[in-house]
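Participant: Below is the structure I would like to discuss, written out as structure tokens.
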Amino acid sequence: MNINEDRKLIRARDIVLIAAVLAAAAAVYFVTGIFSGDKPYAVISCGGETIAEISLDRSGDYSFPETGGMVFTVENGGISVRESGCPDKICMRTGSVSRAGEAIICVPNRTAVTVKNAPDEDGVDVVLR
């Protein structure tokens with residue numbers, strides 16, 4: 001009898017241990033994501049200056065004179081451009097953005113919409129500057 005025949009590379013208890021560690025890691029990932037307290041909000045800037053910060057928790061339409069007739073729609077936790085005066089309307093075709101780091105850019109109007117996460121400190125819905 002060969003000694004190597006009795007050894008197995010991975011035993012059943014190794015598989016159970018690996019599965020338990022992966023399940024625990026997945027649980028921690030989802031729980032910290034759900035209960036992190038970070039609330040997404042959109043920063044609308046025109047010409048490099050911040051015009052507004054809009055919470056993505058409340059649905060509604062927003063427009064600002066600096067953005068060249070653009071209308072922003074917040075619904076289902078995301079923001080999109082509903083109307084724009086630019087010729088190509090690429091900003092409208094971008095669709096809705098909702099995760100931190102996503103952005104909508106309108107070059108002709110020099111307008112950018114960027115989604116960021118911030119701790120929910122005071123429940124502010126819109127800040128105009």
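Chain labels A, B, ... are given in the sequence in which chains occur in the structure tokens; within each chain residues are numbered consecutively from 1, and ligands are likewise numbered from 1 in the order shown.
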Just the residues within 9 Å of Cys91 (chain A), please, counting only C-alpha atoms, with nothing from its chain fewer than 5 positions along; format it as a list of chain:residue names.
Facilitator: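 In the requested format, the answer is A:Ser80, A:Val81, A:Arg82, A:Ser84, A:Cys86, A:Ile104, A:Ile105, A:Cys106, A:Val107.
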Participant: Name all residues at most 12 Å from Ile44 (chain A) (count only C-alpha atoms; drop same-chain ones fewer than 6 positions away) and give them as a tab-separated table (two decimals) with C-alpha atoms, in the first residue's frame.
Facilitator:
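So the final result, stored in around_20.tsv, reads:
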```tsv
chain	number	residue	atom	x	y	z
A	50	THR	CA	-20.95	73.48	-7.64
A	51	ILE	CA	-24.52	74.61	-8.23
A	52	ALA	CA	-26.46	72.09	-6.15
A	53	GLU	CA	-26.24	68.93	-4.07
A	54	ILE	CA	-29.36	66.80	-4.38
A	55	SER	CA	-30.27	63.81	-2.23
A	62	TYR	CA	-34.86	69.99	-10.72
A	63	SER	CA	-33.68	72.74	-13.05
A	64	PHE	CA	-31.15	75.52	-12.61
A	66	GLU	CA	-26.87	78.01	-15.02
A	67	THR	CA	-27.22	74.64	-16.77
A	70	MET	CA	-31.29	71.11	-18.45
A	71	VAL	CA	-33.90	69.32	-16.32
A	72	PHE	CA	-32.69	66.64	-13.90
A	79	ILE	CA	-30.58	60.85	-11.21
A	80	SER	CA	-30.87	61.38	-14.96
A	81	VAL	CA	-31.17	64.23	-17.45
A	103	ALA	CA	-21.32	60.74	-13.66
A	104	ILE	CA	-23.29	62.39	-16.44
A	105	ILE	CA	-21.38	64.98	-18.46
A	106	CYS	CA	-22.83	67.54	-20.87
A	109	ASN	CA	-23.59	73.07	-21.39
A	110	ARG	CA	-20.35	72.62	-19.36
A	111	THR	CA	-22.40	70.69	-16.79
A	112	ALA	CA	-21.48	67.60	-14.77
A	113	VAL	CA	-23.60	65.45	-12.48
A	114	THR	CA	-21.52	63.31	-10.12
A	115	VAL	CA	-22.87	60.84	-7.55
A	116	LYS	CA	-21.14	60.76	-4.18
A	126	VAL	CA	-30.91	70.16	-1.61
A	127	VAL	CA	-28.14	72.68	-1.01
A	128	LEU	CA	-27.90	75.61	-3.43
A	129	ARG	CA	-24.78	77.73	-3.69
```
Participant: Among region 32-127 of chain A, which residues carry a DSSP assignment of strand (DSSP E), reported as an MDAnalysis selection string?
Facilitator: chainID A and resid 38:46 49:55 60:63 71:75 78:83 103:106 111:119 126:127
Participant: Any idea what the distance is between CA of Tyr29 (chain A) and CA of Ser59 (chain A)?
Facilitator: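 Rounded to one decimal, the two atoms are 28.1 Å apart.
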Participant: Just list as a PyMOL selection string whatever in region 6-55 of chain A DSSP marks as helix (DSSP H, G or I).
Facilitator: chain A and resi 12-34
